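J.: Have a peek at model15.txt (compact mmCIF, C-alpha atoms (C1' of nucleotides)).
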```txt
# COMPACT_ATOMS: atom_id res chain seq x y z
CA MET A 1 51.53 89.85 90.46
CA GLN A 2 52.78 86.47 89.41
CA ILE A 3 52.15 83.03 90.83
CA SER A 4 55.33 82.14 92.73
CA SER A 5 57.98 79.92 91.21
CA ARG A 6 57.24 77.31 93.87
CA PHE A 7 54.81 75.82 91.37
CA THR A 8 57.25 75.41 88.46
CA VAL A 9 59.97 74.29 90.88
CA ALA A 10 57.63 71.65 92.34
CA VAL A 11 56.89 70.26 88.88
CA HIS A 12 60.62 70.31 88.07
CA ILE A 13 61.29 68.35 91.27
CA LEU A 14 58.68 65.71 90.48
CA ILE A 15 60.04 65.22 86.98
CA CYS A 16 63.54 64.75 88.41
CA ILE A 17 62.38 62.23 91.00
CA GLU A 18 60.77 60.15 88.28
CA ILE A 19 63.53 60.46 85.68
CA PHE A 20 66.39 59.67 88.06
CA LYS A 21 64.72 57.20 90.40
CA ASN A 22 66.69 54.18 89.12
CA ASP A 23 70.08 55.81 88.71
CA TYR A 24 70.54 58.18 91.64
CA LYS A 25 69.46 58.73 95.20
CA VAL A 26 67.39 61.86 94.67
CA THR A 27 68.33 64.05 97.65
CA SER A 28 67.51 67.69 98.29
CA ASP A 29 71.06 68.55 97.26
CA PHE A 30 70.67 66.65 94.01
CA LEU A 31 67.39 68.43 93.25
CA ALA A 32 68.79 71.80 94.31
CA SER A 33 71.54 71.37 91.75
CA SER A 34 69.10 70.66 88.90
CA VAL A 35 66.71 73.47 89.79
CA ASN A 36 69.56 75.77 90.84
CA VAL A 37 68.19 77.01 94.13
CA ASN A 38 69.13 76.58 97.78
CA PRO A 39 68.60 73.03 99.14
CA VAL A 40 66.43 74.38 101.94
CA VAL A 41 64.00 75.76 99.40
CA ILE A 42 63.77 72.24 97.98
CA ARG A 43 63.26 70.69 101.40
CA ARG A 44 60.45 73.09 102.18
CA LEU A 45 58.73 72.14 98.94
CA LEU A 46 59.29 68.44 99.59
CA GLN A 47 57.51 68.86 102.92
CA GLN A 48 54.55 70.50 101.23
CA LEU A 49 54.36 67.79 98.58
CA LYS A 50 54.60 65.17 101.30
CA LYS A 51 51.79 66.77 103.29
CA ALA A 52 49.69 66.55 100.12
CA ARG A 53 50.54 62.83 99.92
CA ILE A 54 52.16 63.25 96.54
CA ILE A 55 55.60 62.06 97.59
CA ASN A 56 57.35 60.26 100.39
CA VAL A 57 60.60 61.56 101.82
CA LYS A 58 63.05 59.23 103.54
CA ARG A 59 64.57 60.60 106.71
CA GLY A 60 68.05 59.51 107.63
CA SER A 61 68.86 57.51 104.55
CA GLY A 62 67.70 60.25 102.21
CA GLY A 63 65.89 60.27 98.91
CA THR A 64 62.27 60.57 97.87
CA ASP A 65 59.60 58.69 95.86
CA ILE A 66 56.37 59.59 94.21
CA GLU A 67 53.51 58.06 96.19
CA LYS A 68 50.73 57.91 93.62
CA PRO A 69 50.25 56.74 90.04
CA LEU A 70 51.52 59.52 87.80
CA ASP A 71 48.20 59.74 85.98
CA LYS A 72 46.48 60.45 89.29
CA ILE A 73 48.57 63.53 90.01
CA THR A 74 47.32 66.65 88.23
CA LEU A 75 48.97 70.04 87.87
CA LEU A 76 46.20 71.36 90.11
CA ASP A 77 47.18 68.90 92.86
CA ILE A 78 50.74 70.19 92.68
CA TYR A 79 49.62 73.81 92.55
CA ASN A 80 47.37 73.41 95.58
CA ALA A 81 50.11 71.62 97.48
CA VAL A 82 52.62 74.43 97.23
CA GLU A 83 50.60 77.60 96.62
CA CYS A 84 49.36 78.46 100.07
CA VAL A 85 46.97 81.40 99.68
CA GLU A 86 44.18 81.85 102.22
CA ASN A 87 40.95 80.19 101.00
CA GLY A 88 42.86 79.34 97.83
CA GLU A 89 41.66 82.58 96.28
CA LEU A 90 43.51 83.63 93.16
CA PHE A 91 42.43 87.26 93.29
CA HIS A 92 43.30 89.59 96.12
CA PHE A 93 40.28 91.74 96.92
CA HIS A 94 40.72 95.19 98.48
CA GLU A 95 39.97 94.81 102.15
CA ASN A 96 37.52 97.44 103.34
CA PRO A 97 35.27 98.90 100.66
CA ASN A 98 33.12 101.70 102.06
CA GLU A 99 29.84 100.14 103.24
CA SER A 100 28.09 103.48 103.19
CA CYS A 101 28.62 103.82 99.44
CA PRO A 102 26.16 101.80 97.34
CA VAL A 103 28.99 100.54 95.18
CA GLY A 104 31.33 99.76 98.06
CA LYS A 105 28.51 97.98 99.85
CA ASN A 106 27.72 95.70 96.92
CA ILE A 107 31.05 95.22 95.19
CA HIS A 108 31.51 91.74 96.62
CA SER A 109 28.02 90.59 95.61
CA VAL A 110 28.78 91.74 92.09
CA LEU A 111 32.36 90.54 91.65
CA ASP A 112 32.84 87.42 93.76
CA ILE A 113 30.95 85.12 91.41
CA ARG A 114 32.84 86.45 88.38
CA LEU A 115 36.23 86.01 90.00
CA GLU A 116 35.29 82.50 91.06
CA THR A 117 34.27 81.58 87.52
CA ILE A 118 37.57 82.83 86.17
CA GLN A 119 39.55 80.94 88.79
CA LYS A 120 37.53 77.79 88.13
CA ALA A 121 38.38 78.01 84.43
CA MET A 122 42.05 78.10 85.30
CA GLU A 123 41.72 75.21 87.72
CA LYS A 124 39.82 73.11 85.21
CA GLU A 125 42.68 73.49 82.76
CA MET A 126 45.21 72.59 85.46
CA ARG A 127 43.21 69.54 86.42
CA SER A 128 43.26 68.27 82.84
CA VAL A 129 47.03 67.79 82.77
CA THR A 130 48.63 64.93 84.72
CA LEU A 131 52.19 64.29 85.72
CA GLN A 132 52.01 61.32 83.36
CA ASP A 133 51.41 63.71 80.44
CA ILE A 134 54.34 65.82 81.55
CA MET A 135 56.59 62.76 81.89
CA ASN A 136 55.67 61.52 78.41
CA ASP A 137 56.64 64.89 76.94
CA THR A 138 59.83 65.03 78.98
CA LYS A 139 61.03 61.58 77.96
CA LYS A 140 60.27 62.26 74.31
CA ILE A 141 62.30 65.46 74.38
CA ILE A 142 65.22 64.03 76.34
CA GLU A 143 65.51 61.04 74.01
CA SER A 144 65.49 63.17 70.88
CA MET B 145 50.74 84.32 95.36
CA GLN B 146 47.67 86.31 94.56
CA ILE B 147 46.87 88.67 91.74
CA SER B 148 47.11 92.17 93.24
CA SER B 149 44.05 94.07 94.36
CA ARG B 150 44.74 96.63 91.63
CA PHE B 151 42.44 94.55 89.46
CA THR B 152 39.41 94.52 91.79
CA VAL B 153 40.03 98.17 92.68
CA ALA B 154 40.10 99.11 89.00
CA VAL B 155 36.77 97.40 88.41
CA HIS B 156 35.36 99.11 91.50
CA ILE B 157 36.53 102.46 90.15
CA LEU B 158 34.91 101.92 86.77
CA ILE B 159 31.60 100.93 88.34
CA CYS B 160 31.69 104.10 90.45
CA ILE B 161 32.44 106.32 87.49
CA GLU B 162 29.44 104.94 85.65
CA ILE B 163 27.03 104.86 88.58
CA PHE B 164 27.76 108.38 89.79
CA LYS B 165 28.47 110.14 86.50
CA ASN B 166 25.27 112.22 86.58
CA ASP B 167 25.20 113.08 90.27
CA TYR B 168 28.76 113.75 91.34
CA LYS B 169 32.09 114.90 90.01
CA VAL B 170 33.98 111.64 90.33
CA THR B 171 37.39 112.74 91.63
CA SER B 172 40.23 110.63 92.97
CA ASP B 173 39.18 111.62 96.50
CA PHE B 174 35.62 110.54 95.82
CA LEU B 175 36.79 107.19 94.49
CA ALA B 176 39.32 106.76 97.29
CA SER B 177 36.49 107.11 99.78
CA SER B 178 34.38 104.41 98.14
CA VAL B 179 37.25 101.96 97.70
CA ASN B 180 38.81 102.97 101.01
CA VAL B 181 42.40 103.43 99.90
CA ASN B 182 44.75 106.36 99.53
CA PRO B 183 43.83 108.82 96.73
CA VAL B 184 47.27 108.45 95.18
CA VAL B 185 46.66 104.75 94.71
CA ILE B 186 43.52 105.71 92.81
CA ARG B 187 45.34 108.29 90.69
CA ARG B 188 47.99 105.77 89.73
CA LEU B 189 45.29 103.36 88.60
CA LEU B 190 43.46 106.12 86.72
CA GLN B 191 46.66 106.79 84.82
CA GLN B 192 46.97 103.14 83.86
CA LEU B 193 43.35 102.96 82.73
CA LYS B 194 43.84 106.16 80.77
CA LYS B 195 46.95 104.78 79.05
CA ALA B 196 44.83 101.80 78.03
CA ARG B 197 42.27 104.24 76.57
CA ILE B 198 39.54 102.97 78.85
CA ILE B 199 38.92 106.30 80.58
CA ASN B 200 39.64 109.98 80.23
CA VAL B 201 40.81 112.02 83.21
CA LYS B 202 40.25 115.77 83.36
CA ARG B 203 43.18 117.78 84.61
CA GLY B 204 42.48 120.97 86.50
CA SER B 205 38.74 120.73 86.66
CA GLY B 206 38.79 117.17 87.88
CA GLY B 207 36.64 114.14 87.24
CA THR B 208 36.81 111.24 84.84
CA ASP B 209 34.72 109.51 82.13
CA ILE B 210 34.67 106.13 80.52
CA GLU B 211 35.88 106.46 76.96
CA LYS B 212 34.41 103.36 75.30
CA PRO B 213 31.05 101.62 75.08
CA LEU B 214 30.68 99.51 78.20
CA ASP B 215 30.14 96.35 76.17
CA LYS B 216 33.50 96.89 74.48
CA ILE B 217 35.43 96.85 77.75
CA THR B 218 36.16 93.34 79.02
CA LEU B 219 37.55 92.25 82.36
CA LEU B 220 40.67 91.20 80.46
CA ASP B 221 41.12 94.74 79.15
CA ILE B 222 40.99 96.03 82.71
CA TYR B 223 43.29 93.30 83.98
CA ASN B 224 45.86 93.96 81.29
CA ALA B 225 45.68 97.70 81.92
CA VAL B 226 46.63 97.47 85.58
CA GLU B 227 48.45 94.18 86.03
CA CYS B 228 51.92 94.99 84.81
CA VAL B 229 53.91 91.74 84.80
CA GLU B 230 56.76 91.33 82.35
CA ASN B 231 55.55 89.62 79.14
CA GLY B 232 52.17 89.34 80.81
CA GLU B 233 53.17 85.96 82.15
CA LEU B 234 50.96 84.65 84.93
CA PHE B 235 53.47 82.09 86.18
CA HIS B 236 56.85 82.99 87.58
CA PHE B 237 59.40 80.47 86.31
CA HIS B 238 62.56 79.74 88.31
CA GLU B 239 65.35 81.64 86.66
CA ASN B 240 68.36 79.44 86.03
CA PRO B 241 67.63 75.73 85.77
CA ASN B 242 70.82 73.72 85.43
CA GLU B 243 71.53 73.33 81.72
CA SER B 244 73.85 70.40 82.32
CA CYS B 245 71.01 68.34 83.79
CA PRO B 246 68.73 66.76 81.19
CA VAL B 247 65.68 67.88 83.14
CA GLY B 248 66.96 71.39 83.83
CA LYS B 249 67.90 71.74 80.19
CA ASN B 250 64.44 70.82 78.91
CA ILE B 251 62.10 72.05 81.61
CA HIS B 252 61.06 75.08 79.59
CA SER B 253 60.34 73.05 76.45
CA VAL B 254 58.11 70.81 78.53
CA LEU B 255 56.29 73.34 80.69
CA ASP B 256 55.99 76.58 78.74
CA ILE B 257 53.20 75.34 76.47
CA ARG B 258 51.24 73.96 79.42
CA LEU B 259 51.49 77.17 81.41
CA GLU B 260 50.45 79.16 78.37
CA THR B 261 47.38 76.98 77.85
CA ILE B 262 46.33 77.46 81.47
CA GLN B 263 46.81 81.21 81.28
CA LYS B 264 44.87 81.36 78.02
CA ALA B 265 41.95 79.56 79.65
CA MET B 266 41.86 82.20 82.34
CA GLU B 267 42.11 85.02 79.82
CA LYS B 268 39.33 83.57 77.70
CA GLU B 269 37.01 83.62 80.69
CA MET B 270 38.01 87.19 81.49
CA ARG B 271 37.37 88.25 77.92
CA SER B 272 33.84 86.87 78.06
CA VAL B 273 32.69 89.33 80.73
CA THR B 274 32.16 93.00 79.84
CA LEU B 275 31.77 96.06 82.00
CA GLN B 276 28.23 96.20 80.67
CA ASP B 277 27.51 92.82 82.27
CA ILE B 278 28.97 94.04 85.54
CA MET B 279 26.94 97.25 85.41
CA ASN B 280 23.72 95.34 84.79
CA ASP B 281 24.36 93.19 87.86
CA THR B 282 25.33 96.20 89.95
CA LYS B 283 22.22 98.22 89.10
CA LYS B 284 19.99 95.25 89.74
CA ILE B 285 21.51 94.72 93.18
CA ILE B 286 21.53 98.39 94.16
CA GLU B 287 17.88 98.81 93.17
CA SER B 288 16.74 95.79 95.14
C1' DT C 289 76.97 51.09 118.40
C1' DA C 290 79.32 54.77 116.31
C1' DT C 291 79.28 57.33 112.27
C1' DA C 292 78.22 59.34 107.92
C1' DG C 293 75.01 61.46 105.29
C1' DA C 294 70.33 62.97 105.08
C1' DT C 295 66.12 65.38 106.54
C1' DG C 296 63.29 68.72 109.25
C1' DT C 297 63.07 73.09 110.85
C1' DA C 298 64.27 77.41 113.23
C1' DT C 299 66.14 81.79 112.47
C1' DC C 300 67.71 85.64 110.16
C1' DA C 301 68.95 88.35 105.95
C1' DA C 302 68.13 89.97 101.29
C1' DT C 303 65.20 91.10 97.72
C1' DT C 304 61.11 92.48 95.60
C1' DA C 305 56.40 94.24 94.96
C1' DA C 306 52.43 96.46 96.74
C1' DA C 307 50.36 99.94 99.06
C1' DG C 308 50.40 104.13 102.14
C1' DT C 309 51.80 108.85 102.75
C1' DT C 310 53.40 113.54 102.04
C1' DA C 311 54.40 117.07 99.14
C1' DC C 312 54.08 120.00 95.42
C1' DA C 313 54.24 121.62 90.51
C1' DA C 314 51.07 121.95 86.69
C1' DC C 315 46.66 122.73 85.17
C1' DA C 316 41.89 124.59 84.00
C1' DA C 317 37.58 126.52 85.13
C1' DA C 318 35.14 130.10 87.47
C1' DT D 319 43.74 135.21 90.41
C1' DT D 320 41.87 131.86 93.19
C1' DT D 321 40.38 127.22 94.02
C1' DG D 322 40.26 122.50 93.58
C1' DT D 323 42.19 118.85 91.10
C1' DT D 324 45.49 115.98 88.61
C1' DG D 325 50.14 114.04 87.80
C1' DT D 326 54.06 112.44 89.79
C1' DA D 327 58.19 112.16 92.64
C1' DA D 328 60.06 110.50 96.80
C1' DC D 329 60.05 108.02 100.79
C1' DT D 330 58.00 104.63 104.15
C1' DT D 331 55.69 100.49 105.51
C1' DT D 332 54.30 95.99 105.00
C1' DA D 333 54.35 91.41 103.41
C1' DA D 334 55.94 87.50 100.70
C1' DT D 335 59.59 85.07 98.48
C1' DT D 336 63.86 83.32 98.38
C1' DG D 337 68.58 82.69 100.13
C1' DA D 338 71.57 81.21 103.71
C1' DT D 339 73.39 79.21 108.04
C1' DA D 340 72.97 76.18 111.64
C1' DC D 341 71.90 72.24 114.02
C1' DA D 342 68.99 68.60 116.21
C1' DT D 343 67.15 64.36 114.59
C1' DC D 344 67.04 60.30 112.12
C1' DT D 345 68.49 55.78 109.77
C1' DA D 346 71.28 52.62 107.16
C1' DT D 347 75.40 50.42 107.59
C1' DA D 348 80.22 49.73 108.57
```
Will you turn the file into structure tokens for me?
T.:
Amino acid sequence: MQISSRFTVAVHILICIEIFKNDYKVTSDFLASSVNVNPVVIRRLLQQLKKARIINVKRGSGGTDIEKPLDKITLLDIYNAVECVENGELFHFHENPNESCPVGKNIHSVLDIRLETIQKAMEKEMRSVTLQDIMNDTKKIIES
Amino acid sequence: MQISSRFTVAVHILICIEIFKNDYKVTSDFLASSVNVNPVVIRRLLQQLKKARIINVKRGSGGTDIEKPLDKITLLDIYNAVECVENGELFHFHENPNESCPVGKNIHSVLDIRLETIQKAMEKEMRSVTLQDIMNDTKKIIES
DNA sequence: TATAGATGTATCAATTAAAGTTACAACAAA
DNA sequence: TTTGTTGTAACTTTAATTGATACATCTATA
């Protein structure tokens, strides 16, 4: 199963906020039009990004800003903000292996550490990319 | 969203096949009892592992064997055998970004390479662990 | 201070994928 | 020929995502 599009949408949103901050009031409707999803989906994501202290959302007047230096926001920060799995575990483990089978009894002892290592490798890679990197690429491409 | 439990179940199955090969006929019912899921779920997985040439399943008489040296079967092989996402893409990308917005138009150019790098990091880690490694750990734990 | 335009959020529907279940034809060994 | 098993179809259940509508709440400003 795939990681939900909330992650790519969240990155898309953050790029938009930064690119258009001087020229438009970046509302949920504005963002919804760029991403091409329902505005409520955007608002839900904005709330999650706000809870993670990545952005600030203005009630009443509308609009949103990024709350941290771009080079202090990593893809992992964004991922963790919007991907709400219990314990943050990437792999879903079958729930009730048979404890009276020697394999079922020990499957967690054997696999947990391996799954964690794999997940950590993914997270390390995500942590190495900042929103600043993404913005640099985006501006270069838009200008060309 | 999490990677489905098919992956951990498939690894569980393969460990069972190897551990019990001399003492039991390892049928889908036998495996279903250790994993604690419906036998049909097991049979579906066995078919996927068979298609990937990791195991052989005996019709009629019943039972199953591993078809390759254990140190030639990596966690990535198992993952790819049972995790059937289109293009094998880990990240689900939102479908129709607005092409008339400079960000929507270029979001794929900016993000695709990053997502691929992250996925590759995960796959590299999965490729570095073989079923032989897992079996060594399992036997050590069961014997202690 | 009334209003216009946003956000925040509840609620429900639609869609999709995973996993459970039943059933049974096809098969192969004894 | 019987017995136990696989292979697979069909349907159900469950859960998560996403879409959609609605509206109370908020704030700048006219």
J.: Smallest atom-to-atom distance to DT303 of chain C: which of D:DA346, D:DT335, D:DA340, D:DC329, using all atoms listed in the file?
T.: D:DT335
J.: Quick one: which residues from chain A are at most 6 Å off chain D, using all atoms listed in the file, as an mmCIF file with C-alpha atoms, in the coordinates of the input?
T.:
```cif
data_model
loop_
_atom_site.group_PDB
_atom_site.id
_atom_site.type_symbol
_atom_site.label_atom_id
_atom_site.label_comp_id
_atom_site.auth_asym_id
_atom_site.auth_seq_id
_atom_site.Cartn_x
_atom_site.Cartn_y
_atom_site.Cartn_z
ATOM 1 C CA ARG A 59 64.570 60.600 106.710
ATOM 2 C CA GLY A 60 68.050 59.510 107.630
ATOM 3 C CA SER A 61 68.860 57.510 104.550
#
```
J.: With chain A as the partner and 6 Å as the cut-off, tabulate the residues of chain B that qualify, each row holding the nearest pair of atoms and their distance in Å to one decimal, using all atoms listed in the file, sorted by chain and rising number, as CSV.
T.:
```
residue,atom,partner,partner_atom,distance
B:Met145,CA,A:Ile3,CA,4.9
B:Gln146,CA,A:Leu90,CA,5.1
B:Ile147,CA,A:Phe91,CA,4.9
B:Ser148,CA,A:His92,CA,5.4
B:Ser149,CA,A:His92,CA,4.9
B:Thr152,CA,A:Phe93,CA,5.9
B:Ser178,CA,A:Asn98,CA,4.9
B:Val179,CA,A:Pro97,CA,4.7
B:Asn180,CA,A:Pro97,CA,5.4
B:Leu234,CA,A:Gln2,CA,5.2
B:Phe235,CA,A:Ile3,CA,4.9
B:His236,CA,A:Ser5,CA,4.9
B:Phe237,CA,A:Ser5,CA,5.1
B:His238,CA,A:Ser5,CA,5.4
B:Pro241,CA,A:Val35,CA,4.7
B:Asn242,CA,A:Ser34,CA,4.9
B:Cys245,CA,A:Ser34,CA,5.9
B:Gly248,CA,A:Ser34,CA,5.6
B:Ile262,CA,A:Glu125,CA,5.5
B:Ala265,CA,A:Met122,CA,5.8
B:Met266,CA,A:Met122,CA,5.1
B:Glu269,CA,A:Ile118,CA,5.6
```
J.: Within 7 Å of chain B, which residues belong to chain C? Use all atoms listed in the file and report them as number ranges by chain.
T.: C: 308, 315-317
J.: What is the distance between atom CA of Glu162 of chain B and atom CA of Asp209 of chain B, in Å to one decimal?
T.: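 Answer for the atom CA of Glu162 of chain B to atom CA of Asp209 of chain B separation: 7.8 Å.
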J.: When you count all atoms listed in the file, which of these residues is closest to Ala154 of chain B: B:Leu189, B:Leu214, B:Val201, B:Val170?
T.: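 Closest to Ala154 of chain B of all the choices is B:Leu189.
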J.: If the box runs along x, y and z of the file and leaves 8 Å on each side of segment 338-347 of chain D, what are its centre and edge lengths in Å, one decimal, as JSON?
T.:
```
{"center_x": 71.2, "center_y": 65.8, "center_z": 110.0, "size_x": 24.4, "size_y": 46.8, "size_z": 28.5}
```
J.: Enter the distance from atom CA of Asn80 of chain A to atom C1' of DT295 of chain C, in Å, rounded to one decimal.
T.: 23.2 Å
J.: Mind pulling up the distance from atom CA of Leu193 of chain B to atom CA of Ile222 of chain B?
T.: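 Atom-to-atom, atom CA of Ile222 of chain B to atom CA of Leu193 of chain B, that is 7.3 Å.
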J.: Hey, could you patch up segment 220-249 of chain B with N, CA and C atoms and hand it over as a compact mmCIF listing (two decimals), in the frame of the given file?
T.:
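Okay, result27.txt is ready:
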```txt
# COMPACT_ATOMS: atom_id res chain seq x y z
N LEU B 220 39.27 91.39 80.88
CA LEU B 220 40.67 91.20 80.46
C LEU B 220 41.32 92.53 80.11
N ASP B 221 40.58 93.41 79.46
CA ASP B 221 41.12 94.74 79.15
C ASP B 221 41.55 95.45 80.44
N ILE B 222 40.69 95.37 81.44
CA ILE B 222 40.99 96.03 82.71
C ILE B 222 42.19 95.38 83.39
N TYR B 223 42.18 94.07 83.39
CA TYR B 223 43.29 93.30 83.98
C TYR B 223 44.62 93.67 83.32
N ASN B 224 44.63 93.65 82.01
CA ASN B 224 45.86 93.96 81.29
C ASN B 224 46.30 95.40 81.52
N ALA B 225 45.34 96.29 81.72
CA ALA B 225 45.68 97.70 81.92
C ALA B 225 46.43 97.92 83.23
N VAL B 226 46.08 97.18 84.25
CA VAL B 226 46.63 97.47 85.58
C VAL B 226 47.60 96.42 86.12
N GLU B 227 47.61 95.25 85.51
CA GLU B 227 48.45 94.18 86.03
C GLU B 227 49.72 94.11 85.17
N CYS B 228 50.77 94.71 85.67
CA CYS B 228 51.92 94.99 84.81
C CYS B 228 53.06 94.00 85.03
N VAL B 229 52.86 92.74 84.69
CA VAL B 229 53.91 91.74 84.80
C VAL B 229 54.67 91.68 83.47
N GLU B 230 55.95 91.39 83.58
CA GLU B 230 56.76 91.33 82.35
C GLU B 230 56.25 90.23 81.42
N ASN B 231 56.08 90.55 80.15
CA ASN B 231 55.55 89.62 79.14
C ASN B 231 54.11 89.19 79.43
N GLY B 232 53.52 89.77 80.45
CA GLY B 232 52.17 89.34 80.81
C GLY B 232 52.09 87.90 81.24
N GLU B 233 53.18 87.37 81.75
CA GLU B 233 53.17 85.96 82.15
C GLU B 233 52.62 85.76 83.55
N LEU B 234 51.62 84.90 83.64
CA LEU B 234 50.96 84.65 84.93
C LEU B 234 51.87 83.88 85.88
N PHE B 235 52.64 82.94 85.33
CA PHE B 235 53.47 82.09 86.18
C PHE B 235 54.91 82.56 86.22
N HIS B 236 55.44 82.65 87.42
CA HIS B 236 56.85 82.99 87.58
C HIS B 236 57.66 81.70 87.48
N PHE B 237 58.57 81.66 86.52
CA PHE B 237 59.40 80.47 86.31
C PHE B 237 60.73 80.67 87.02
N HIS B 238 61.24 79.61 87.66
CA HIS B 238 62.56 79.74 88.31
C HIS B 238 63.60 80.07 87.24
N GLU B 239 64.55 80.91 87.64
CA GLU B 239 65.35 81.64 86.66
C GLU B 239 66.42 80.84 85.93
N ASN B 240 67.18 80.03 86.65
CA ASN B 240 68.36 79.44 86.03
C ASN B 240 68.45 77.93 86.22
N PRO B 241 67.51 77.19 85.64
CA PRO B 241 67.63 75.73 85.77
C PRO B 241 68.95 75.26 85.19
N ASN B 242 69.50 74.23 85.79
CA ASN B 242 70.82 73.72 85.43
C ASN B 242 70.83 73.09 84.03
N GLU B 243 71.53 73.76 83.13
CA GLU B 243 71.53 73.33 81.72
C GLU B 243 72.27 72.01 81.52
N SER B 244 73.09 71.65 82.49
CA SER B 244 73.85 70.40 82.32
C SER B 244 73.09 69.20 82.91
N CYS B 245 71.90 69.44 83.38
CA CYS B 245 71.01 68.34 83.79
C CYS B 245 69.95 68.18 82.71
N PRO B 246 69.70 66.95 82.27
CA PRO B 246 68.73 66.76 81.19
C PRO B 246 67.34 67.32 81.52
N VAL B 247 66.97 67.31 82.77
CA VAL B 247 65.68 67.88 83.14
C VAL B 247 65.75 69.41 83.14
N GLY B 248 66.78 69.94 83.80
CA GLY B 248 66.96 71.39 83.83
C GLY B 248 67.05 71.98 82.43
N LYS B 249 67.70 71.26 81.57
CA LYS B 249 67.90 71.74 80.19
C LYS B 249 66.59 71.81 79.41
```
